[in-house]
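File shown: protein_12.json (JSON, C-alpha atoms).
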[["chain", "number", "residue", "atom", "x", "y", "z"],
["A", 1, "MET", "CA", 12.59, 32.41, 16.59],
["A", 2, "VAL", "CA", 15.57, 32.26, 14.20],
["A", 3, "GLU", "CA", 18.69, 30.46, 15.37],
["A", 4, "LEU", "CA", 21.94, 31.83, 13.96],
["A", 5, "LYS", "CA", 24.35, 28.99, 13.30],
["A", 6, "THR", "CA", 28.01, 29.10, 14.23],
["A", 7, "ASN", "CA", 30.65, 28.47, 11.60],
["A", 8, "ALA", "CA", 31.17, 25.00, 13.09],
["A", 9, "SER", "CA", 27.45, 24.31, 12.84],
["A", 10, "ILE", "CA", 27.42, 25.38, 9.20],
["A", 11, "GLU", "CA", 30.26, 22.93, 8.53],
["A", 12, "ALA", "CA", 28.22, 20.17, 10.20],
["A", 13, "MET", "CA", 25.23, 21.11, 8.06],
["A", 14, "TYR", "CA", 27.43, 20.96, 4.96],
["A", 15, "THR", "CA", 28.26, 17.35, 5.85],
["A", 16, "SER", "CA", 24.56, 16.55, 6.19],
["A", 17, "GLY", "CA", 23.82, 18.41, 2.97],
["A", 18, "GLN", "CA", 26.35, 16.34, 1.07],
["A", 19, "VAL", "CA", 24.50, 13.19, 2.10],
["A", 20, "VAL", "CA", 21.35, 14.69, 0.59],
["A", 21, "GLY", "CA", 23.24, 15.57, -2.57],
["A", 22, "ARG", "CA", 24.54, 12.01, -2.92],
["A", 23, "ALA", "CA", 21.07, 10.60, -2.36],
["A", 24, "LEU", "CA", 19.54, 12.80, -5.07],
["A", 25, "THR", "CA", 22.33, 11.96, -7.49],
["A", 26, "ALA", "CA", 21.83, 8.25, -6.84],
["A", 27, "VAL", "CA", 18.07, 8.55, -7.33],
["A", 28, "ARG", "CA", 18.50, 10.39, -10.60],
["A", 29, "ASP", "CA", 21.04, 7.85, -11.84],
["A", 30, "ALA", "CA", 18.60, 5.04, -11.01],
["A", 31, "ALA", "CA", 15.54, 6.69, -12.54],
["A", 32, "ASP", "CA", 14.61, 5.07, -15.84],
["A", 33, "VAL", "CA", 11.60, 3.94, -17.79],
["A", 34, "GLY", "CA", 10.01, 1.05, -15.90],
["A", 35, "VAL", "CA", 11.58, 1.85, -12.52],
["A", 36, "SER", "CA", 9.07, 2.32, -9.72],
["A", 37, "LEU", "CA", 8.94, 5.24, -7.32],
["A", 38, "LEU", "CA", 9.26, 2.79, -4.41],
["A", 39, "GLU", "CA", 12.49, 1.49, -5.93],
["A", 40, "LEU", "CA", 13.84, 5.06, -6.06],
["A", 41, "ASP", "CA", 12.88, 5.54, -2.41],
["A", 42, "GLU", "CA", 14.93, 2.45, -1.54],
["A", 43, "VAL", "CA", 17.91, 3.91, -3.44],
["A", 44, "ALA", "CA", 17.77, 7.01, -1.23],
["A", 45, "ARG", "CA", 17.31, 4.91, 1.92],
["A", 46, "GLN", "CA", 20.49, 3.01, 1.10],
["A", 47, "VAL", "CA", 22.51, 6.23, 0.73],
["A", 48, "LEU", "CA", 21.22, 7.46, 4.09],
["A", 49, "ARG", "CA", 22.03, 4.13, 5.76],
["A", 50, "GLU", "CA", 25.56, 4.07, 4.38],
["A", 51, "ALA", "CA", 26.16, 7.61, 5.70],
["A", 52, "GLY", "CA", 24.74, 6.82, 9.13],
["A", 53, "ALA", "CA", 22.01, 9.40, 8.55],
["A", 54, "THR", "CA", 18.27, 9.28, 9.14],
["A", 55, "SER", "CA", 15.40, 10.86, 7.24],
["A", 56, "PRO", "CA", 13.51, 13.93, 8.48],
["A", 57, "PHE", "CA", 10.78, 13.03, 5.97],
["A", 58, "PHE", "CA", 9.96, 9.54, 7.23],
["A", 59, "GLY", "CA", 7.23, 9.74, 9.86],
["A", 60, "TYR", "CA", 6.89, 13.54, 9.51],
["A", 61, "ARG", "CA", 3.33, 14.74, 10.11],
["A", 62, "PRO", "CA", 2.57, 18.46, 9.86],
["A", 63, "SER", "CA", -0.84, 19.82, 10.79],
["A", 64, "PHE", "CA", -2.30, 19.44, 7.28],
["A", 65, "ALA", "CA", -1.34, 15.78, 6.89],
["A", 66, "PRO", "CA", -3.82, 12.99, 7.68],
["A", 67, "THR", "CA", -1.03, 10.44, 8.16],
["A", 68, "PRO", "CA", 2.73, 10.46, 8.80],
["A", 69, "PHE", "CA", 4.83, 10.58, 5.63],
["A", 70, "PRO", "CA", 5.79, 6.98, 4.76],
["A", 71, "ALA", "CA", 8.99, 7.48, 2.73],
["A", 72, "VAL", "CA", 12.40, 9.19, 2.69],
["A", 73, "ILE", "CA", 11.82, 11.01, -0.61],
["A", 74, "CYS", "CA", 8.94, 12.95, -2.07],
["A", 75, "ALA", "CA", 8.46, 11.78, -5.66],
["A", 76, "SER", "CA", 6.13, 14.06, -7.65],
["A", 77, "VAL", "CA", 5.33, 13.07, -11.25],
["A", 78, "ASN", "CA", 4.11, 15.38, -14.01],
["A", 79, "ASP", "CA", 1.22, 17.51, -12.62],
["A", 80, "ALA", "CA", 2.21, 16.73, -9.01],
["A", 81, "ILE", "CA", 3.94, 19.82, -7.62],
["A", 82, "VAL", "CA", 5.34, 18.61, -4.29],
["A", 83, "HIS", "CA", 4.94, 16.00, -1.51],
["A", 84, "GLY", "CA", 4.27, 13.05, -3.81],
["A", 85, "ILE", "CA", 4.26, 9.75, -1.91],
["A", 86, "PRO", "CA", 6.37, 7.05, -3.61],
["A", 87, "THR", "CA", 4.17, 4.21, -4.86],
["A", 88, "GLY", "CA", 4.49, 1.26, -7.18],
["A", 89, "TYR", "CA", 3.98, 3.59, -10.16],
["A", 90, "ARG", "CA", 6.56, 2.76, -12.84],
["A", 91, "LEU", "CA", 8.09, 5.67, -14.68],
["A", 92, "ARG", "CA", 7.16, 6.19, -18.31],
["A", 93, "ASP", "CA", 9.06, 7.73, -21.19],
["A", 94, "GLY", "CA", 8.84, 11.51, -20.90],
["A", 95, "ASP", "CA", 7.68, 11.70, -17.29],
["A", 96, "LEU", "CA", 8.73, 14.84, -15.43],
["A", 97, "LEU", "CA", 9.86, 13.79, -11.97],
["A", 98, "SER", "CA", 10.56, 16.07, -8.99],
["A", 99, "VAL", "CA", 12.41, 14.43, -6.09],
["A", 100, "ASP", "CA", 12.77, 16.05, -2.66],
["A", 101, "CYS", "CA", 15.05, 14.48, -0.06],
["A", 102, "GLY", "CA", 16.40, 15.30, 3.39],
["A", 103, "ALA", "CA", 18.93, 13.94, 5.85],
["A", 104, "LEU", "CA", 19.64, 14.22, 9.55],
["A", 105, "LEU", "CA", 23.24, 13.61, 10.52],
["A", 106, "ASP", "CA", 24.81, 14.34, 13.92],
["A", 107, "GLY", "CA", 21.79, 16.43, 14.82],
["A", 108, "TRP", "CA", 21.77, 18.66, 11.73],
["A", 109, "ALA", "CA", 19.39, 18.65, 8.76],
["A", 110, "GLY", "CA", 19.86, 19.07, 5.03],
["A", 111, "ASP", "CA", 17.08, 19.44, 2.43],
["A", 112, "SER", "CA", 17.22, 19.62, -1.36],
["A", 113, "ALA", "CA", 15.16, 18.85, -4.47],
["A", 114, "ILE", "CA", 15.68, 18.27, -8.17],
["A", 115, "SER", "CA", 13.43, 18.01, -11.22],
["A", 116, "PHE", "CA", 14.30, 16.08, -14.38],
["A", 117, "VAL", "CA", 12.77, 14.17, -17.28],
["A", 118, "VAL", "CA", 12.90, 10.40, -17.56],
["A", 119, "GLY", "CA", 13.63, 9.20, -21.07],
["A", 120, "ARG", "CA", 13.00, 11.52, -24.00],
["A", 121, "PRO", "CA", 12.33, 15.08, -22.78],
["A", 122, "ARG", "CA", 9.84, 17.52, -24.26],
["A", 123, "ALA", "CA", 11.17, 20.98, -25.00],
["A", 124, "GLU", "CA", 8.52, 22.62, -22.83],
["A", 125, "ASP", "CA", 9.51, 20.47, -19.85],
["A", 126, "LEU", "CA", 13.17, 21.36, -20.25],
["A", 127, "ALA", "CA", 12.22, 25.05, -20.38],
["A", 128, "LEU", "CA", 10.17, 24.69, -17.20],
["A", 129, "ILE", "CA", 13.02, 22.98, -15.33],
["A", 130, "GLU", "CA", 15.59, 25.47, -16.63],
["A", 131, "THR", "CA", 13.43, 28.35, -15.40],
["A", 132, "ALA", "CA", 13.04, 26.71, -11.99],
["A", 133, "GLU", "CA", 16.81, 26.37, -11.73],
["A", 134, "ARG", "CA", 17.30, 30.01, -12.78],
["A", 135, "ALA", "CA", 14.78, 31.09, -10.16],
["A", 136, "LEU", "CA", 16.67, 29.09, -7.54],
["A", 137, "SER", "CA", 19.96, 30.68, -8.60],
["A", 138, "ALA", "CA", 18.39, 34.13, -8.44],
["A", 139, "GLY", "CA", 17.07, 33.44, -4.96],
["A", 140, "ILE", "CA", 20.47, 32.23, -3.80],
["A", 141, "GLU", "CA", 22.20, 35.28, -5.27],
["A", 142, "ALA", "CA", 19.85, 37.48, -3.23],
["A", 143, "ALA", "CA", 20.63, 35.57, -0.02],
["A", 144, "VAL", "CA", 23.31, 37.97, 1.20],
["A", 145, "VAL", "CA", 23.92, 39.79, 4.45],
["A", 146, "GLY", "CA", 22.07, 43.11, 4.39],
["A", 147, "ASN", "CA", 19.24, 41.93, 2.15],
["A", 148, "ARG", "CA", 15.88, 40.78, 3.46],
["A", 149, "ILE", "CA", 13.67, 37.72, 3.00],
["A", 150, "GLY", "CA", 11.57, 39.74, 0.57],
["A", 151, "ASP", "CA", 14.59, 40.18, -1.70],
["A", 152, "ILE", "CA", 14.91, 36.42, -2.05],
["A", 153, "ALA", "CA", 11.17, 36.06, -2.68],
["A", 154, "HIS", "CA", 11.18, 38.88, -5.23],
["A", 155, "ALA", "CA", 14.15, 37.41, -7.11],
["A", 156, "ILE", "CA", 12.45, 34.01, -7.39],
["A", 157, "GLY", "CA", 9.05, 35.38, -8.31],
["A", 158, "THR", "CA", 10.42, 37.72, -10.96],
["A", 159, "VAL", "CA", 12.04, 34.86, -12.88],
["A", 160, "CYS", "CA", 8.95, 32.65, -12.63],
["A", 161, "ARG", "CA", 6.40, 35.30, -13.63],
["A", 162, "ALA", "CA", 8.53, 36.61, -16.49],
["A", 163, "ALA", "CA", 8.39, 33.13, -18.02],
["A", 164, "GLY", "CA", 4.61, 32.92, -17.56],
["A", 165, "TYR", "CA", 4.57, 30.20, -14.93],
["A", 166, "GLY", "CA", 2.33, 29.82, -11.92],
["A", 167, "ILE", "CA", 3.55, 29.82, -8.32],
["A", 168, "PRO", "CA", 1.54, 27.80, -5.77],
["A", 169, "ALA", "CA", 0.61, 30.05, -2.87],
["A", 170, "ASP", "CA", 1.25, 29.06, 0.74],
["A", 171, "PHE", "CA", 4.23, 26.84, -0.06],
["A", 172, "GLY", "CA", 7.85, 27.94, -0.20],
["A", 173, "GLY", "CA", 11.19, 27.73, 1.53],
["A", 174, "HIS", "CA", 12.04, 27.77, 5.21],
["A", 175, "GLY", "CA", 14.73, 28.01, 7.80],
["A", 176, "ILE", "CA", 16.56, 24.79, 8.58],
["A", 177, "GLY", "CA", 18.98, 23.58, 11.24],
["A", 178, "ARG", "CA", 18.40, 21.13, 14.07],
["A", 179, "LYS", "CA", 14.97, 20.56, 12.52],
["A", 180, "MET", "CA", 13.99, 20.38, 8.87],
["A", 181, "HIS", "CA", 11.51, 23.24, 9.21],
["A", 182, "GLU", "CA", 12.48, 26.28, 11.25],
["A", 183, "ASP", "CA", 11.83, 30.01, 11.07],
["A", 184, "PRO", "CA", 11.75, 32.04, 8.92],
["A", 185, "GLY", "CA", 9.47, 31.19, 6.03],
["A", 186, "VAL", "CA", 10.85, 32.03, 2.56],
["A", 187, "PRO", "CA", 8.04, 32.78, 0.05],
["A", 188, "ASN", "CA", 8.54, 32.29, -3.67],
["A", 189, "GLU", "CA", 7.09, 35.71, -4.45],
["A", 190, "GLY", "CA", 7.25, 38.97, -2.57],
["A", 191, "ARG", "CA", 8.32, 42.60, -2.40],
["A", 192, "PRO", "CA", 11.98, 43.57, -2.20],
["A", 193, "GLY", "CA", 13.22, 45.29, 0.93],
["A", 194, "ARG", "CA", 10.55, 43.67, 3.09],
["A", 195, "GLY", "CA", 10.72, 41.00, 5.75],
["A", 196, "MET", "CA", 13.41, 39.80, 8.11],
["A", 197, "PRO", "CA", 16.97, 41.08, 7.56],
["A", 198, "LEU", "CA", 19.47, 38.44, 6.48],
["A", 199, "ARG", "CA", 22.39, 37.86, 8.86],
["A", 200, "HIS", "CA", 25.52, 35.76, 8.94],
["A", 201, "GLY", "CA", 24.62, 32.35, 10.35],
["A", 202, "MET", "CA", 21.09, 32.09, 8.97],
["A", 203, "VAL", "CA", 20.52, 28.89, 7.01],
["A", 204, "LEU", "CA", 17.61, 28.67, 4.59],
["A", 205, "ALA", "CA", 16.08, 26.04, 2.35],
["A", 206, "ILE", "CA", 15.24, 27.98, -0.81],
["A", 207, "GLU", "CA", 12.81, 26.11, -3.08],
["A", 208, "PRO", "CA", 11.00, 27.50, -6.13],
["A", 209, "MET", "CA", 7.90, 25.60, -7.31],
["A", 210, "LEU", "CA", 6.60, 26.35, -10.80],
["A", 211, "ILE", "CA", 3.38, 25.38, -12.57],
["A", 212, "ALA", "CA", 3.69, 25.28, -16.36],
["A", 213, "GLY", "CA", 0.14, 26.37, -17.20],
["A", 214, "GLY", "CA", 0.54, 29.74, -15.50],
["A", 215, "GLU", "CA", -2.21, 29.29, -12.91],
["A", 216, "ASP", "CA", -1.40, 29.27, -9.19],
["A", 217, "GLY", "CA", -4.14, 26.91, -8.03],
["A", 218, "TYR", "CA", -3.49, 23.44, -6.63],
["A", 219, "HIS", "CA", -5.36, 20.69, -4.81],
["A", 220, "PRO", "CA", -4.41, 17.70, -2.67],
["A", 221, "ASP", "CA", -4.76, 14.10, -3.73],
["A", 222, "PRO", "CA", -6.90, 11.79, -1.60],
["A", 223, "ASP", "CA", -3.67, 10.73, 0.16],
["A", 224, "GLY", "CA", -3.67, 14.20, 1.78],
["A", 225, "TRP", "CA", -0.03, 14.79, 0.83],
["A", 226, "THR", "CA", 0.43, 15.05, -2.94],
["A", 227, "LEU", "CA", -0.36, 18.52, -4.30],
["A", 228, "ARG", "CA", -1.39, 18.76, -7.96],
["A", 229, "SER", "CA", -1.88, 21.69, -10.30],
["A", 230, "ASN", "CA", -5.53, 22.62, -10.79],
["A", 231, "ASP", "CA", -5.05, 23.10, -14.52],
["A", 232, "GLY", "CA", -3.42, 19.68, -14.96],
["A", 233, "SER", "CA", -0.19, 21.18, -16.28],
["A", 234, "ARG", "CA", 3.22, 19.92, -15.26],
["A", 235, "ALA", "CA", 5.25, 21.30, -12.40],
["A", 236, "ALA", "CA", 8.88, 21.58, -11.34],
["A", 237, "HIS", "CA", 10.43, 21.88, -7.88],
["A", 238, "VAL", "CA", 14.09, 22.58, -7.10],
["A", 239, "GLU", "CA", 15.75, 23.35, -3.77],
["A", 240, "HIS", "CA", 19.05, 23.91, -1.99],
["A", 241, "THR", "CA", 19.99, 24.43, 1.63],
["A", 242, "VAL", "CA", 21.94, 27.70, 1.72],
["A", 243, "ALA", "CA", 23.97, 29.30, 4.51],
["A", 244, "ILE", "CA", 24.09, 33.10, 4.59],
["A", 245, "THR", "CA", 27.63, 34.19, 5.44],
["A", 246, "ASP", "CA", 29.65, 37.38, 5.45],
["A", 247, "ALA", "CA", 31.53, 35.90, 2.47],
["A", 248, "GLY", "CA", 28.31, 35.34, 0.51],
["A", 249, "PRO", "CA", 25.77, 32.53, 0.16],
["A", 250, "ARG", "CA", 27.12, 29.00, 0.56],
["A", 251, "ILE", "CA", 25.20, 26.07, -0.96],
["A", 252, "LEU", "CA", 25.35, 23.23, 1.55],
["A", 253, "THR", "CA", 23.57, 20.66, -0.65],
["A", 254, "ALA", "CA", 25.65, 21.18, -3.81],
["A", 255, "ARG", "CA", 25.90, 17.98, -5.86],
["A", 256, "GLU", "CA", 27.57, 16.64, -8.96],
["A", 257, "THR", "CA", 26.24, 18.07, -12.21],
["A", 258, "VAL", "CA", 24.13, 15.56, -14.10],
["A", 259, "ARG", "CA", 22.99, 15.69, -17.71],
["A", 260, "GLN", "CA", 19.35, 16.53, -18.41],
["A", 261, "GLY", "CA", 17.51, 13.57, -19.90],
["A", 262, "ALA", "CA", 19.92, 11.07, -18.34],
["A", 263, "GLY", "CA", 18.47, 7.75, -17.35],
["A", 264, "SER", "CA", 16.98, 7.16, -20.80]]
Please go through the file and, once you have read it, give me the structure as structure tokens.
Amino acid sequence: MVELKTNASIEAMYTSGQVVGRALTAVRDAADVGVSLLELDEVARQVLREAGATSPFFGYRPSFAPTPFPAVICASVNDAIVHGIPTGYRLRDGDLLSVDCGALLDGWAGDSAISFVVGRPRAEDLALIETAERALSAGIEAAVVGNRIGDIAHAIGTVCRAAGYGIPADFGGHGIGRKMHEDPGVPNEGRPGRGMPLRHGMVLAIEPMLIAGGEDGYHPDPDGWTLRSNDGSRAAHVEHTVAITDAGPRILTARETVRQGAGS
């Protein structure tokens, strides 16, 4: 069942989304060669604490997971696509890092993700990230009243496939509100004009995931959470929480623009 949010609820979700945006900005600012993923998780925890927010990630255990998630960010490095558990791994020059973060504030959730390179970037990594961001923008542009879920999926998939990248099946965006994951699902590939109609008050987490090698296959790590590309190629993951309104899509997790390759 899809809950349509009131304008007041959307404003409350914007406040929660801004906490997520600040957390991701802080994590990216702190990311550098030699910094551990656990240290970045603590950076995000501090932002959540200061805002009086909690994490919808910490302790989350969906049906596929063998254990509850132990952190407030997902930190996925290089060939890890999504759901990477922060560890003591220390970032190396040229690592491609995807960070996913959420917040719960006053009963409302926000969810967003960024991908960036630590240290000196490779041109192919920058192209992968730029395509992921274009796919996200295309999906957001399609998130208008009168369109359907399939229009968002088609917009994302068209950008990804045109660039020759893979799209992991079975994982995509979702509705969001009182809980981090709500109906409807938002695939990253699909047919236009299909699926649920988009209405004012729907709030969606739109999140393209791209695999550089062009294959769609993935597999879990032994931790049961981290998903890696089967071909060993690098991946990128970007996400925004977006409200569908009569005035057009509104990004609730918008954050300050940061320079690619920062943190070197």
Give me the residues of segment 33-82 of chain A that have any atom at most 10 Å from an atom of segment 178-202 of chain A; for each, the nearest atom pair and the distance in Å, rounded to one decimal. Use only C-alpha atoms, sort by chain and number, and format it as JSON lines.
{"residue": "A:Ser55", "atom": "CA", "partner": "A:Met180", "partner_atom": "CA", "distance": 9.8}
{"residue": "A:Pro56", "atom": "CA", "partner": "A:Met180", "partner_atom": "CA", "distance": 6.5}
{"residue": "A:Phe57", "atom": "CA", "partner": "A:Met180", "partner_atom": "CA", "distance": 8.5}
{"residue": "A:Tyr60", "atom": "CA", "partner": "A:Met180", "partner_atom": "CA", "distance": 9.9}
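From atom CA of Ile206 of chain A back to atom CA of Ala127 of chain A, the distance works out to 20.0 Å.
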Exercise: residues within 8 Å of coordinate (5.3, 2.4, -6.3), counting all atoms listed in the file, as number ranges by chain: A: 36-39, 86-90
Which residue of A:Ala8, A:Ile73, A:Ala65, A:Val144 approaches Ser112 of chain A most closely, using only C-alpha atoms: A:Ile73
All residues 7 Å or closer to Ala143 of chain A, only C-alpha atoms, same chain fewer than 4 positions away omitted, as a PyMOL selection string: chain A and resi 139+147+152+244+249
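For Ser233 of chain A, the residues within 6 Å (counting all atoms listed in the file, excluding itself and residues fewer than 3 positions away along the chain) are Asp79, Ala212 and Gly213 of chain A.
Closest approach to Gly173 of chain A among A:Val242, A:Met13, A:Leu204, A:Val145: A:Leu204, based on all atoms listed in the file.
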Exercise: Asp93 of chain A partners within 7 Å, only C-alpha atoms, chain neighbours under 2 positions left out, as a ChimeraX atom specification: /A:33,91,95,118-120
Limited to C-alpha atoms, could you put the picked residues into a file as a PDB file, in the frame of the given file?
ATOM      1  CA  VAL A  33      11.600   3.940 -17.790  1.00  0.00           C
ATOM      2  CA  LEU A  91       8.090   5.670 -14.680  1.00  0.00           C
ATOM      3  CA  ASP A  95       7.680  11.700 -17.290  1.00  0.00           C
ATOM      4  CA  VAL A 118      12.900  10.400 -17.560  1.00  0.00           C
ATOM      5  CA  GLY A 119      13.630   9.200 -21.070  1.00  0.00           C
ATOM      6  CA  ARG A 120      13.000  11.520 -24.000  1.00  0.00           C
TER       7      ARG A 120
END
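From atom CA of Arg61 of chain A back to atom CA of Val43 of chain A, the distance works out to 22.7 Å.
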Neighbour list for Ala30 of chain A as an NGL selection string, cut-off 8 Å, only C-alpha atoms, skip fewer than 4 positions in-chain: :A and (26 or 35 or 40 or 43 or 263)
Residue with smallest distance to Thr6 of chain A - pool A:Leu252, A:Ala243, A:Val117, A:Ala163, counting only C-alpha atoms: A:Ala243
Between atom CA of Arg228 of chain A and atom CA of Ala31 of chain A - distance in Å to one decimal: 21.3 Å
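Using all atoms listed in the file, the nearest neighbour of Ser115 of chain A within the list A:His154, A:Arg92, A:Arg234, A:His174 is A:Arg234.
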